[in-house]
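The file input29.cif contains mmCIF, C-alpha atoms:
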data_my_file
loop_
_atom_site.label_atom_id
_atom_site.label_comp_id
_atom_site.auth_asym_id
_atom_site.auth_seq_id
_atom_site.Cartn_x
_atom_site.Cartn_y
_atom_site.Cartn_z
CA MET A 1 -3.69 4.38 1.71
CA GLU A 2 -3.39 2.73 -1.67
CA GLY A 3 0.35 3.16 -1.46
CA TRP A 4 0.58 1.37 1.84
CA LEU A 5 -1.59 -1.43 0.56
CA ALA A 6 0.72 -1.86 -2.40
CA PHE A 7 3.67 -1.68 -0.03
CA ALA A 8 2.17 -4.39 2.17
CA LEU A 9 1.37 -6.53 -0.85
CA GLN A 10 4.97 -6.34 -1.96
CA VAL A 11 6.65 -6.71 1.39
CA GLY A 12 4.20 -9.26 2.79
CA PRO A 13 5.19 -12.19 0.57
CA VAL A 14 8.86 -11.48 1.21
CA VAL A 15 8.33 -11.60 4.98
CA VAL A 16 6.24 -14.76 4.74
CA LEU A 17 8.87 -16.40 2.57
CA LEU A 18 11.65 -15.34 4.92
CA VAL A 19 9.93 -16.69 8.02
CA SER A 20 8.82 -19.94 6.44
CA THR A 21 12.11 -20.67 4.71
CA TYR A 22 13.96 -19.92 7.94
CA PHE A 23 12.01 -22.54 9.84
CA ILE A 24 11.98 -25.09 7.03
CA GLY A 25 15.66 -24.53 6.30
CA SER A 26 16.68 -24.78 9.96
CA ALA A 27 14.73 -28.01 10.44
CA VAL A 28 16.18 -29.59 7.29
CA GLU A 29 19.68 -28.47 8.24
CA ALA A 30 19.45 -29.77 11.80
CA ARG A 31 18.24 -33.13 10.48
CA HIS A 32 21.04 -33.30 7.96
CA PHE A 33 23.66 -32.53 10.61
CA ARG A 34 22.24 -35.24 12.86
CA GLY A 35 22.42 -37.71 9.98
CA LEU A 36 25.97 -36.65 9.11
CA ARG A 37 27.17 -37.12 12.68
CA MET A 38 25.62 -40.57 12.87
CA ARG A 39 27.15 -41.74 9.62
CA GLU A 40 30.53 -40.25 10.52
CA LEU A 41 30.41 -42.13 13.77
CA ARG A 42 29.53 -45.34 11.97
CA SER A 43 32.28 -44.98 9.37
CA ARG A 44 34.96 -43.51 11.62
CA ASN A 45 37.11 -46.62 11.38
CA PHE A 46 37.40 -46.37 7.63
CA PRO A 47 40.59 -44.39 7.01
CA ILE A 48 40.71 -41.64 4.44
CA ALA A 49 43.71 -39.41 3.92
CA THR A 50 45.14 -36.91 1.50
CA LEU A 51 48.40 -38.86 1.14
CA ARG A 52 49.68 -39.01 -2.41
CA GLU A 53 51.56 -42.25 -1.92
CA VAL A 54 50.78 -45.55 -0.30
CA PRO A 55 52.19 -45.51 3.22
CA GLU A 56 55.14 -47.69 3.81
CA GLY A 57 54.34 -51.21 4.86
CA TRP A 58 50.92 -51.29 3.25
CA LYS A 59 50.53 -54.18 0.82
CA VAL A 60 48.14 -53.00 -1.85
CA GLU A 61 46.21 -55.75 -3.53
CA GLU A 62 43.99 -53.61 -5.67
CA CYS A 63 43.23 -49.95 -6.16
CA GLY A 64 40.49 -47.95 -7.81
CA LEU A 65 38.96 -44.53 -8.12
CA VAL A 66 36.13 -43.71 -5.80
CA SER A 67 34.14 -40.53 -5.62
CA GLY A 68 31.25 -39.01 -3.84
CA SER A 69 29.46 -35.83 -4.64
CA CYS A 70 26.76 -33.71 -3.18
CA VAL A 71 24.79 -30.87 -4.69
CA ILE A 72 23.38 -28.48 -2.20
CA SER A 73 21.22 -25.39 -2.69
CA LEU A 74 20.32 -22.21 -0.92
CA ASP A 75 17.05 -21.36 0.64
CA TYR A 76 15.37 -17.98 0.45
CA PHE A 77 16.32 -16.96 3.98
CA LYS A 78 19.99 -17.80 3.52
CA ARG A 79 20.07 -15.97 0.22
CA PHE A 80 18.41 -12.93 1.78
CA VAL A 81 20.95 -12.77 4.60
CA ALA A 82 23.81 -13.34 2.19
CA GLY A 83 22.35 -10.64 -0.06
CA LEU A 84 22.54 -8.13 2.78
CA ARG A 85 26.26 -8.89 2.91
CA LEU A 86 26.38 -7.04 -0.40
CA LEU A 87 26.18 -3.86 1.66
CA PHE A 88 28.64 -4.68 4.40
CA GLY A 89 30.85 -7.51 3.28
CA GLY A 90 32.17 -10.00 5.75
CA ARG A 91 31.74 -13.69 6.34
CA ILE A 92 28.58 -15.14 4.91
CA ALA A 93 27.81 -17.30 7.90
CA SER A 94 24.55 -18.46 6.37
CA TYR A 95 26.47 -20.19 3.57
CA GLU A 96 29.08 -21.78 5.82
CA THR A 97 26.74 -24.44 7.13
CA LEU A 98 25.65 -25.26 3.58
CA LEU A 99 29.19 -25.88 2.39
CA ASP A 100 30.10 -27.74 5.54
CA ARG A 101 27.18 -30.06 4.95
CA ALA A 102 28.11 -30.52 1.31
CA ARG A 103 31.75 -31.35 2.07
CA ARG A 104 30.94 -33.82 4.80
CA GLU A 105 28.19 -35.43 2.75
CA ALA A 106 30.48 -35.81 -0.25
CA LEU A 107 33.22 -37.38 1.87
CA LEU A 108 30.75 -39.74 3.50
CA ARG A 109 29.36 -40.81 0.15
CA MET A 110 32.88 -41.47 -1.08
CA LYS A 111 33.68 -43.48 2.01
CA GLU A 112 30.44 -45.41 1.83
CA SER A 113 30.88 -46.27 -1.83
CA ALA A 114 34.47 -47.38 -1.20
CA HIS A 115 33.35 -49.46 1.75
CA ALA A 116 30.55 -51.02 -0.26
CA ALA A 117 33.01 -51.98 -2.99
CA GLY A 118 35.16 -53.79 -0.43
CA TYR A 119 37.98 -51.29 -0.17
CA ARG A 120 39.77 -50.77 3.12
CA ALA A 121 41.00 -47.21 2.80
CA VAL A 122 41.09 -44.18 0.50
CA ILE A 123 44.20 -42.12 -0.03
CA GLY A 124 44.89 -39.06 -2.15
CA VAL A 125 41.54 -37.60 -1.24
CA ARG A 126 40.72 -34.33 -3.00
CA LEU A 127 37.77 -32.01 -2.72
CA GLU A 128 36.48 -29.78 -5.42
CA THR A 129 33.62 -27.30 -5.40
CA SER A 130 31.85 -26.05 -8.45
CA GLN A 131 28.93 -23.77 -8.92
CA ILE A 132 26.30 -25.51 -10.98
CA ALA A 133 23.60 -22.83 -11.02
CA ALA A 134 23.98 -19.12 -10.44
CA ALA A 135 21.81 -17.22 -8.03
CA THR A 136 19.88 -15.11 -10.48
CA ARG A 137 17.82 -12.39 -8.94
CA GLN A 138 14.77 -13.32 -10.95
CA GLY A 139 14.73 -16.89 -9.80
CA GLY A 140 16.52 -20.12 -10.36
CA THR A 141 17.98 -22.06 -7.51
CA ALA A 142 21.62 -21.52 -6.82
CA GLY A 143 23.56 -24.65 -6.05
CA VAL A 144 27.06 -25.87 -5.55
CA GLU A 145 28.45 -29.31 -6.05
CA VAL A 146 31.14 -30.63 -3.78
CA LEU A 147 32.99 -33.54 -5.26
CA ALA A 148 35.31 -35.74 -3.23
CA TRP A 149 37.48 -38.35 -4.87
CA GLY A 150 40.43 -40.45 -4.08
CA THR A 151 42.24 -43.71 -4.65
CA ALA A 152 40.64 -46.60 -2.83
CA LEU A 153 42.84 -49.44 -1.72
CA LYS A 154 42.29 -53.11 -1.03
CA LEU A 155 45.01 -54.33 1.29
CA ARG A 156 46.58 -57.72 1.61
CA ALA A 157 46.96 -58.99 5.13
CA PRO A 158 50.49 -58.28 6.34
CA MET B 159 51.98 -45.33 10.31
CA SER B 160 48.95 -45.60 12.47
CA PHE B 161 45.43 -44.43 11.86
CA GLU B 162 43.52 -42.78 14.65
CA PRO B 163 39.78 -42.89 14.06
CA ARG B 164 38.48 -39.41 14.82
CA LEU B 165 35.26 -37.62 14.05
CA PRO B 166 35.28 -34.41 12.06
CA ARG B 167 34.60 -31.42 14.24
CA ASP B 168 31.35 -29.55 13.88
CA ASP B 169 32.64 -26.16 14.82
CA VAL B 170 35.61 -25.56 12.57
CA ASN B 171 34.05 -24.46 9.34
CA VAL B 172 30.85 -23.00 10.68
CA SER B 173 30.68 -19.66 12.49
CA PRO B 174 29.01 -19.88 15.86
CA THR B 175 26.71 -16.94 14.95
CA HIS B 176 23.04 -17.79 15.09
CA PRO B 177 21.47 -17.16 11.68
CA LEU B 178 18.74 -14.99 13.18
CA ALA B 179 21.31 -12.90 15.03
CA GLU B 180 23.22 -12.38 11.80
CA ALA B 181 20.02 -11.55 9.91
CA SER B 182 18.78 -9.04 12.44
CA TRP B 183 22.16 -7.39 12.79
CA LEU B 184 22.37 -6.99 9.03
CA LEU B 185 18.80 -5.75 8.73
CA VAL B 186 19.24 -3.12 11.42
CA ALA B 187 22.53 -2.00 9.94
CA ALA B 188 20.96 -1.85 6.47
CA ALA B 189 18.06 0.18 7.79
CA VAL B 190 20.38 2.65 9.52
CA ALA B 191 22.59 2.90 6.45
CA GLY B 192 19.54 3.34 4.23
CA LEU B 193 18.17 6.05 6.47
CA MET B 194 21.45 7.94 6.50
CA LEU B 195 21.73 7.58 2.74
CA ALA B 196 18.17 8.85 2.34
CA VAL B 197 18.77 11.87 4.56
CA LEU B 198 21.93 12.75 2.67
CA ALA B 199 20.30 12.27 -0.70
CA PHE B 200 17.26 14.30 0.32
CA ALA B 201 19.57 17.12 1.32
CA ALA B 202 21.33 16.82 -2.02
CA THR B 203 17.97 16.88 -3.79
CA GLU B 204 17.08 20.06 -1.96
CA VAL B 205 20.31 21.67 -3.07
CA VAL B 206 19.79 20.59 -6.67
CA ALA B 207 16.17 21.70 -6.66
CA ARG B 208 17.22 25.12 -5.47
CA TRP B 209 20.28 25.66 -7.62
CA LEU B 210 19.89 23.70 -10.85
CA PRO B 211 19.57 26.33 -13.61
CA PRO B 212 16.34 25.92 -15.57
CA GLY B 213 18.31 25.90 -18.82
CA VAL B 214 20.26 22.87 -17.69
CA GLU B 215 17.07 21.32 -16.41
CA ALA B 216 15.41 21.79 -19.80
CA ARG B 217 18.37 20.23 -21.57
CA LEU B 218 18.40 17.28 -19.18
CA PHE B 219 14.70 16.53 -19.24
CA GLY B 220 13.43 18.30 -22.34
CA ASP B 221 12.78 15.27 -24.53
CA LEU B 222 11.96 12.91 -21.74
CA TRP B 223 8.23 13.44 -21.83
CA ASP B 224 7.65 13.27 -25.55
CA ALA B 225 6.50 9.70 -25.19
CA PHE B 226 3.75 10.82 -22.83
CA GLY B 227 1.71 12.81 -25.29
CA GLU B 228 1.71 14.61 -28.57
CA GLU B 229 2.77 18.20 -28.58
CA ALA B 230 0.19 19.08 -31.20
CA GLY B 231 -0.57 15.92 -33.07
CA ALA B 232 -3.49 14.99 -35.22
CA ASP B 233 -5.21 13.38 -32.27
CA ASP B 234 -4.78 16.43 -30.09
CA PRO B 235 -7.82 16.54 -27.87
CA PRO B 236 -10.24 19.44 -28.26
CA ARG B 237 -9.29 22.33 -25.97
CA ALA B 238 -5.60 21.37 -25.99
CA ALA B 239 -4.81 24.28 -28.30
CA LEU B 240 -6.86 26.52 -26.08
CA ALA B 241 -5.05 25.28 -22.98
CA ARG B 242 -1.74 25.93 -24.68
CA ASP B 243 -2.77 29.47 -25.48
CA LEU B 244 -3.98 29.95 -21.92
CA LEU B 245 -0.72 28.60 -20.54
CA ALA B 246 1.25 31.10 -22.59
CA ARG B 247 -0.93 33.96 -21.35
CA LEU B 248 -0.57 32.87 -17.72
CA ALA B 249 3.17 32.42 -18.00
CA ALA B 250 3.38 35.98 -19.34
CA HIS B 251 2.23 37.19 -15.90
CA TRP B 252 5.28 35.55 -14.36
CA PRO B 253 7.92 37.97 -15.58
CA GLU B 254 11.03 36.35 -14.16
CA ASN B 255 9.90 32.96 -15.44
CA PRO B 256 13.03 31.11 -16.55
CA TYR B 257 11.22 28.28 -18.35
CA ARG B 258 9.88 27.77 -21.81
CA PHE B 259 6.71 25.91 -20.99
CA ARG B 260 5.01 23.37 -23.14
CA LEU B 261 1.83 21.48 -22.60
CA VAL B 262 1.23 17.88 -23.52
CA ALA B 263 -2.16 16.20 -23.42
CA LEU B 264 -2.16 12.73 -21.97
CA ASP B 265 -4.60 10.31 -23.51
CA GLU B 266 -6.18 9.34 -20.22
CA GLU B 267 -9.68 9.62 -18.88
CA GLU B 268 -8.58 10.24 -15.30
CA LEU B 269 -8.45 13.84 -14.15
CA ASN B 270 -4.92 14.91 -13.45
CA ALA B 271 -2.18 17.37 -14.21
CA PHE B 272 1.54 17.15 -13.59
CA ALA B 273 4.51 19.47 -13.51
CA LEU B 274 7.39 17.63 -15.16
CA PRO B 275 11.05 18.69 -15.13
CA GLY B 276 12.13 20.78 -18.05
CA GLY B 277 9.03 22.95 -18.14
CA THR B 278 6.47 20.47 -19.39
CA ILE B 279 2.96 20.48 -18.01
CA ALA B 280 1.00 17.34 -18.69
CA VAL B 281 -2.78 17.50 -18.57
CA THR B 282 -5.04 14.53 -19.08
CA ARG B 283 -7.70 14.48 -21.74
CA GLY B 284 -10.22 13.79 -18.98
CA LEU B 285 -9.33 16.98 -17.16
CA LEU B 286 -9.51 19.06 -20.31
CA ALA B 287 -12.97 17.69 -21.03
CA SER B 288 -14.31 18.20 -17.52
CA VAL B 289 -13.46 21.85 -16.81
CA GLU B 290 -16.46 24.15 -17.18
CA SER B 291 -14.81 27.51 -17.58
CA GLU B 292 -11.53 28.95 -18.72
CA ASN B 293 -10.93 30.26 -15.20
CA GLU B 294 -11.07 26.75 -13.79
CA LEU B 295 -8.53 25.51 -16.30
CA ALA B 296 -6.40 28.58 -15.64
CA PHE B 297 -6.31 27.74 -11.94
CA VAL B 298 -5.17 24.19 -12.64
CA LEU B 299 -2.45 25.39 -15.01
CA GLY B 300 -1.47 28.20 -12.63
CA HIS B 301 -1.20 25.68 -9.83
CA GLU B 302 1.23 23.59 -11.85
CA LEU B 303 3.16 26.74 -12.74
CA GLY B 304 3.35 27.36 -9.00
CA HIS B 305 5.11 24.02 -8.60
CA PHE B 306 7.64 25.17 -11.18
CA ALA B 307 8.10 28.47 -9.36
CA ALA B 308 8.92 26.61 -6.14
CA ARG B 309 10.73 23.90 -8.12
CA ASP B 310 8.68 21.25 -6.35
CA HIS B 311 8.75 19.10 -9.46
CA LEU B 312 12.50 18.62 -9.10
CA ARG B 313 12.07 17.68 -5.47
CA ALA B 314 9.46 15.11 -6.44
CA ILE B 315 11.71 13.59 -9.09
CA GLY B 316 14.66 13.63 -6.70
CA ARG B 317 12.58 11.97 -4.04
CA GLY B 318 11.60 9.24 -6.49
CA LEU B 319 15.21 8.69 -7.49
CA VAL B 320 16.41 8.64 -3.90
CA LEU B 321 13.73 6.21 -2.78
CA GLY B 322 14.43 4.00 -5.76
CA LEU B 323 18.14 4.05 -5.01
CA VAL B 324 17.82 3.32 -1.31
CA LEU B 325 15.22 0.62 -1.81
CA ARG B 326 17.31 -0.94 -4.54
CA ALA B 327 20.34 -1.01 -2.29
CA VAL B 328 18.61 -2.29 0.83
CA VAL B 329 15.62 -4.33 -0.31
CA GLY B 330 17.23 -5.31 -3.58
CA ALA B 331 20.25 -6.74 -1.84
CA GLY B 332 18.10 -9.05 0.20
CA ALA B 333 14.96 -9.84 -1.67
CA GLY B 334 15.94 -9.26 -5.27
CA GLU B 335 15.48 -6.50 -7.78
CA ALA B 336 12.01 -7.66 -8.71
CA ALA B 337 10.56 -6.30 -5.49
CA VAL B 338 11.86 -2.80 -6.03
CA PRO B 339 10.58 -0.85 -9.04
CA SER B 340 6.86 -0.63 -8.38
CA LEU B 341 7.49 0.01 -4.72
CA ALA B 342 9.70 2.98 -5.50
CA SER B 343 7.36 4.46 -8.07
CA GLU B 344 4.42 3.92 -5.75
CA LEU B 345 6.07 5.83 -2.94
CA ALA B 346 7.41 8.51 -5.26
CA SER B 347 4.08 9.13 -6.93
CA ARG B 348 2.60 10.43 -3.72
CA GLY B 349 1.68 14.05 -4.13
CA PHE B 350 3.58 17.06 -3.01
CA ALA B 351 3.49 18.04 0.62
CA ARG B 352 0.52 20.03 1.85
CA ASP B 353 2.38 23.32 2.17
CA GLN B 354 3.80 22.89 -1.32
CA GLU B 355 0.23 22.55 -2.59
CA ARG B 356 -0.84 25.65 -0.66
CA ASP B 357 2.03 27.68 -2.06
CA ALA B 358 1.21 26.52 -5.57
CA ASP B 359 -2.43 27.49 -4.98
CA ALA B 360 -1.34 30.95 -3.86
CA PHE B 361 0.80 31.31 -6.94
CA ALA B 362 -2.13 30.28 -9.13
CA LEU B 363 -4.38 32.86 -7.47
CA GLN B 364 -1.91 35.63 -8.27
CA LEU B 365 -1.78 34.57 -11.91
CA LEU B 366 -5.56 34.35 -12.08
CA ALA B 367 -5.93 37.82 -10.60
CA ALA B 368 -3.41 39.19 -13.06
CA GLU B 369 -5.14 37.58 -16.01
CA TYR B 370 -8.79 38.18 -15.20
CA GLY B 371 -8.76 40.83 -12.49
CA HIS B 372 -10.49 38.45 -10.10
CA VAL B 373 -10.08 34.90 -8.82
CA ALA B 374 -13.60 33.61 -9.34
CA GLY B 375 -13.78 30.02 -10.49
CA ALA B 376 -10.53 29.11 -8.75
CA GLU B 377 -11.99 26.58 -6.41
CA ALA B 378 -14.85 25.56 -8.69
CA PHE B 379 -12.85 22.55 -9.77
CA PHE B 380 -12.44 21.36 -6.17
CA ARG B 381 -16.02 22.13 -5.33
CA ARG B 382 -17.33 20.01 -8.15
CA LEU B 383 -15.21 17.00 -7.31
CA PRO B 384 -16.91 15.57 -4.21
CA ASP B 385 -20.53 15.80 -5.32
CA ALA B 386 -20.00 15.43 -9.02
CA ASP B 387 -21.71 12.65 -10.91
CA ALA B 388 -20.37 9.20 -10.17
CA GLY B 389 -18.39 8.95 -13.38
CA LEU B 390 -16.50 12.14 -12.76
CA ALA B 391 -15.80 11.31 -9.13
CA GLU B 392 -14.40 7.98 -10.13
CA ARG B 393 -12.14 9.49 -12.73
CA ALA B 394 -11.10 12.15 -10.26
CA THR B 395 -9.53 9.69 -7.83
CA ALA B 396 -6.17 10.14 -9.54
CA TRP B 397 -6.33 13.88 -8.98
CA LEU B 398 -7.40 13.35 -5.39
CA ALA B 399 -4.54 10.94 -4.77
CA THR B 400 -1.90 13.44 -5.86
CA HIS B 401 -3.71 16.68 -5.01
CA PRO B 402 -5.62 16.08 -1.77
CA VAL B 403 -8.66 18.33 -1.64
CA SER B 404 -10.11 19.31 1.66
CA GLU B 405 -12.48 21.93 2.98
CA SER B 406 -9.49 23.49 4.69
CA ARG B 407 -7.69 23.86 1.39
CA ILE B 408 -10.70 25.65 -0.09
CA ALA B 409 -10.95 27.78 3.04
CA ALA B 410 -7.27 28.59 2.71
CA LEU B 411 -7.90 29.74 -0.86
CA HIS B 412 -10.58 32.14 0.37
CA ASP B 413 -8.33 33.37 3.16
CA LEU B 414 -5.53 33.96 0.75
CA ALA B 415 -7.73 35.83 -1.71
CA ALA B 416 -9.07 38.02 1.09
CA ARG B 417 -5.64 38.74 2.51
CA SER B 418 -4.19 39.65 -0.87
CA HIS B 419 -7.27 41.78 -1.62
CA LEU B 420 -8.11 39.73 -4.66
CA SER B 421 -11.70 40.01 -5.78
CA SER B 422 -13.31 36.60 -5.66
CA SER B 423 -16.26 37.40 -7.86
CA GLY B 424 -16.34 38.26 -11.50
CA PRO B 425 -17.51 36.95 -14.83
CA LEU B 426 -16.24 33.50 -15.81
CA ARG B 427 -14.96 33.12 -19.32
CA GLN B 428 -16.58 30.33 -21.27
CA LEU B 429 -14.52 27.77 -23.12
#

Encoded form (structure tokens):
Amino acid sequence: MEGWLAFALQVGPVVVLLVSTYFIGSAVEARHFRGLRMRELRSRNFPIATLREVPEGWKVEECGLVSGSCVISLDYFKRFVAGLRLLFGGRIASYETLLDRARREALLRMKESAHAAGYRAVIGVRLETSQIAAATRQGGTAGVEVLAWGTALKLRAP
Amino acid sequence: MSFEPRLPRDDVNVSPTHPLAEASWLLVAAAVAGLMLAVLAFAATEVVARWLPPGVEARLFGDLWDAFGEEAGADDPPRAALARDLLARLAAHWPENPYRFRLVALDEEELNAFALPGGTIAVTRGLLASVESENELAFVLGHELGHFAARDHLRAIGRGLVLGLVLRAVVGAGAGEAAVPSLASELASRGFARDQERDADAFALQLLAAEYGHVAGAEAFFRRLPDADAGLAERATAWLATHPVSESRIAALHDLAARSHLSSSGPLRQL
């Protein structure tokens, strides 16, 4: 009996954490996606591109570096599911949404900061991801940073 | 060059799988894999338990238990020397015995005894202090020798290792290593199976009969446990957890003695 009690005491918190972080994580994620879609809609007329050179015919008045970055972390549920991938391999679907959110958020922040500074477009956009905290088994919150940067342009009227 | 304002698509970089579907698929698959792994490893344990030569076993595990108790240190509890002598005498009645047994006294008040790989029998100080006759102690030691005869101790160790391994792979992958160790040791520290205990009891009876000419005092230890004074009963919970005592087990002892024509009455030797 004692053994099962100990078993329950060890497994119980894990189950509670899994269930609660699933619901919390899903709610937070859904809200973030809604926010992303709204801001993307609002800023859709602000052009960003990966072009390395100014397109022909554009009269550049001023240029500058703009960047946006987003640090995003795992939740317990996502880490648990990803951990099970250790046994089988395959796509870690639970991380895909995280990185999608981080990329879109970083791009939006870059766009919004460029827009706020009076720029009209950003070219030469690059994205970079870096791990800023490892997922240690004992604890610590794993996180990645997605950094988006590019050359913002102010254009003279043609 | 023209610019077409378009929204990023939601569904390019994100798999359409629902997270719960992914989680449950993985959990079920992990459980099935774990089960298969456990079955295989249990089978392997059985093979090892049956075929591992005792010499190899002694070399593998010989020094492992030194940390548990002194062989014959200055703080050797009273009766440890006596128990050692008794163990040697009992082992002499097991002619084909492949082990060189040693006895270590654990500095614990709980009543318990263990058969450890390599031929080591560990007895707690509490058990040594609580036995009332040499015959009682002989039955406890004989019982542990019975586990060696059937090589149950290897099965128990193997089971612990297997459970640890499987739990580490399955639970550890998801929830982290921290959740594993005590769980594994908890599950592994469960006693031997009932029939293993019965067989070890039978073995002990044979040794007792060979040593004393009768098996009196064999079940005295069990008999005293339930209605012993509160202190003893409390300390005996460890023994009870790993060596479940029941009326049926005592009855089985009597049965066995009667069937093997072992006399169940005779003088008890004092300690």

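With all atoms listed in the file as the basis for measurement, B:Gly300 is the residue among B:Gly300, B:Pro235, B:Pro256, B:Pro174 that approaches Phe272 of chain B most closely.
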
Chain and number of each residue from the PyMOL selection byres ((chain B and resi 364-372) around 7), as a ChimeraX atom specification: /B:248,251,296-297,300,360-363,373-374,420-424

Contact residues (chain A, partner chain B, 6 Å, all atoms listed in the file) as a PyMOL selection string: chain A and resi 3+44-45+80-81+83-84+93+96-97+137

Residues from last step as file, C-alpha atoms, as a PDB file, in the frame of the given file:
ATOM      1  CA  GLY A   3       0.350   3.160  -1.460  1.00  0.00           C
ATOM      2  CA  ARG A  44      34.960 -43.510  11.620  1.00  0.00           C
ATOM      3  CA  ASN A  45      37.110 -46.620  11.380  1.00  0.00           C
ATOM      4  CA  PHE A  80      18.410 -12.930   1.780  1.00  0.00           C
ATOM      5  CA  VAL A  81      20.950 -12.770   4.600  1.00  0.00           C
ATOM      6  CA  GLY A  83      22.350 -10.640  -0.060  1.00  0.00           C
ATOM      7  CA  LEU A  84      22.540  -8.130   2.780  1.00  0.00           C
ATOM      8  CA  ALA A  93      27.810 -17.300   7.900  1.00  0.00           C
ATOM      9  CA  GLU A  96      29.080 -21.780   5.820  1.00  0.00           C
ATOM     10  CA  THR A  97      26.740 -24.440   7.130  1.00  0.00           C
ATOM     11  CA  ARG A 137      17.820 -12.390  -8.940  1.00  0.00           C
TER      12      ARG A 137
END

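From atom CA of Val320 of chain B back to atom CA of Phe259 of chain B, the distance works out to 26.2 Å.
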
Residues of segment 64-102 of chain A at most 9 Å from segment 19-39 of chain A: nearest atom pair and distance in Å, only C-alpha atoms, as CSV:
residue,atom,partner,partner_atom,distance
A:Leu74,CA,A:Gly25,CA,8.9
A:Asp75,CA,A:Thr21,CA,6.4
A:Tyr76,CA,A:Thr21,CA,6.0
A:Phe77,CA,A:Tyr22,CA,5.5
A:Lys78,CA,A:Tyr22,CA,7.8
A:Thr97,CA,A:Glu29,CA,8.2
A:Leu98,CA,A:Glu29,CA,8.2
A:Arg101,CA,A:Phe33,CA,7.1

File dump, residues just selected, C-alpha atoms, as a PDB file, in the frame of the given file:
ATOM      1  CA  LEU A  74      20.320 -22.210  -0.920  1.00  0.00           C
ATOM      2  CA  ASP A  75      17.050 -21.360   0.640  1.00  0.00           C
ATOM      3  CA  TYR A  76      15.370 -17.980   0.450  1.00  0.00           C
ATOM      4  CA  PHE A  77      16.320 -16.960   3.980  1.00  0.00           C
ATOM      5  CA  LYS A  78      19.990 -17.800   3.520  1.00  0.00           C
ATOM      6  CA  THR A  97      26.740 -24.440   7.130  1.00  0.00           C
ATOM      7  CA  LEU A  98      25.650 -25.260   3.580  1.00  0.00           C
ATOM      8  CA  ARG A 101      27.180 -30.060   4.950  1.00  0.00           C
TER       9      ARG A 101
END

What lies within 6 Å of Trp149 of chain A using all atoms listed in the file, ignoring chain neighbours under 4 positions off, as a PDB file with C-alpha atoms, keeping the file's coordinate frame?
ATOM      1  CA  VAL A  66      36.130 -43.710  -5.800  1.00  0.00           C
ATOM      2  CA  SER A  67      34.140 -40.530  -5.620  1.00  0.00           C
ATOM      3  CA  VAL A 125      41.540 -37.600  -1.240  1.00  0.00           C
ATOM      4  CA  ARG A 126      40.720 -34.330  -3.000  1.00  0.00           C
TER       5      ARG A 126
END

Which centre and edge lengths in Å to one decimal define the box along x, y and z that fits every listed atom of segment 82-88 of chain A plus 5 Å per side, as AutoDock Vina command-line options?
--center_x 25.5 --center_y -8.6 --center_z 2.0 --size_x 16.3 --size_y 19.5 --size_z 14.8

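Closest approach to Ala199 of chain B among B:Arg407, B:Arg427, B:His419, B:Arg317 is made by B:Arg317 (distances from all atoms listed in the file).
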
Contacts of Glu112 of chain A at 10 Å (all atoms listed in the file; same-chain gap of 3+ positions) as a PyMOL selection string: chain A and resi 39+43+46+66-68+106-109+115-119

Output of the PyMOL selection byres ((chain A and resi 72) around 8), listed as a ChimeraX atom specification: /A:70-71,73-74,98-99,102,143-145

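If only C-alpha atoms are the atoms counted, then among B:His305, B:Gly277, B:Ala196, B:Glu268 the closest residue to Leu321 of chain B is B:Ala196.
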
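A straight line drawn from atom CA of Glu294 of chain B to atom CA of Ala378 of chain B is 6.5 Å long.
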
Å distance separating atom CA of Phe200 of chain B from atom CA of Leu319 of chain B, one decimal place: 9.8 Å

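Once the PyMOL selection byres ((chain B and resi 282) around 9) is applied to this file, the selection holds Val262, Ala263, Leu264, Asp265, Glu266, Glu267, Glu268, Leu269, Asn270, Ala271, Phe272, Ala280, Val281, Arg283, Gly284, Leu285, Leu286 and Ala287 of chain B.
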
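Among the candidates A:Ala152, A:Leu17, A:Ala82, A:Gly57, the residue lying nearest to Ser94 of chain A is A:Ala82 (atoms considered: all atoms listed in the file).
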
Selection: 10 Å around Lys59 of chain A, all atoms listed in the file, excl. self and same-chain fewer than 3 positions, as a PyMOL selection string: chain A and resi 54-56+62+153-158

Once N, CA and C atoms are restored for segment 21-27 of chain A, what would the output be as a JSON list (two decimals), in the coordinates of the input?
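The resulting file, rebuild_22.json, is shown below:
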[["chain", "number", "residue", "atom", "x", "y", "z"],
["A", 21, "THR", "N", 10.89, -19.98, 5.14],
["A", 21, "THR", "CA", 12.11, -20.67, 4.71],
["A", 21, "THR", "C", 13.14, -20.75, 5.84],
["A", 22, "TYR", "N", 13.05, -19.80, 6.79],
["A", 22, "TYR", "CA", 13.96, -19.92, 7.94],
["A", 22, "TYR", "C", 13.65, -21.18, 8.72],
["A", 23, "PHE", "N", 12.36, -21.37, 9.03],
["A", 23, "PHE", "CA", 12.01, -22.54, 9.84],
["A", 23, "PHE", "C", 12.22, -23.84, 9.08],
["A", 24, "ILE", "N", 11.80, -23.87, 7.82],
["A", 24, "ILE", "CA", 11.98, -25.09, 7.03],
["A", 24, "ILE", "C", 13.47, -25.39, 6.89],
["A", 25, "GLY", "N", 14.24, -24.35, 6.52],
["A", 25, "GLY", "CA", 15.66, -24.53, 6.30],
["A", 25, "GLY", "C", 16.38, -24.99, 7.56],
["A", 26, "SER", "N", 16.02, -24.39, 8.71],
["A", 26, "SER", "CA", 16.68, -24.78, 9.96],
["A", 26, "SER", "C", 16.38, -26.23, 10.29],
["A", 27, "ALA", "N", 15.11, -26.63, 10.11],
["A", 27, "ALA", "CA", 14.73, -28.01, 10.44],
["A", 27, "ALA", "C", 15.48, -29.00, 9.54]]
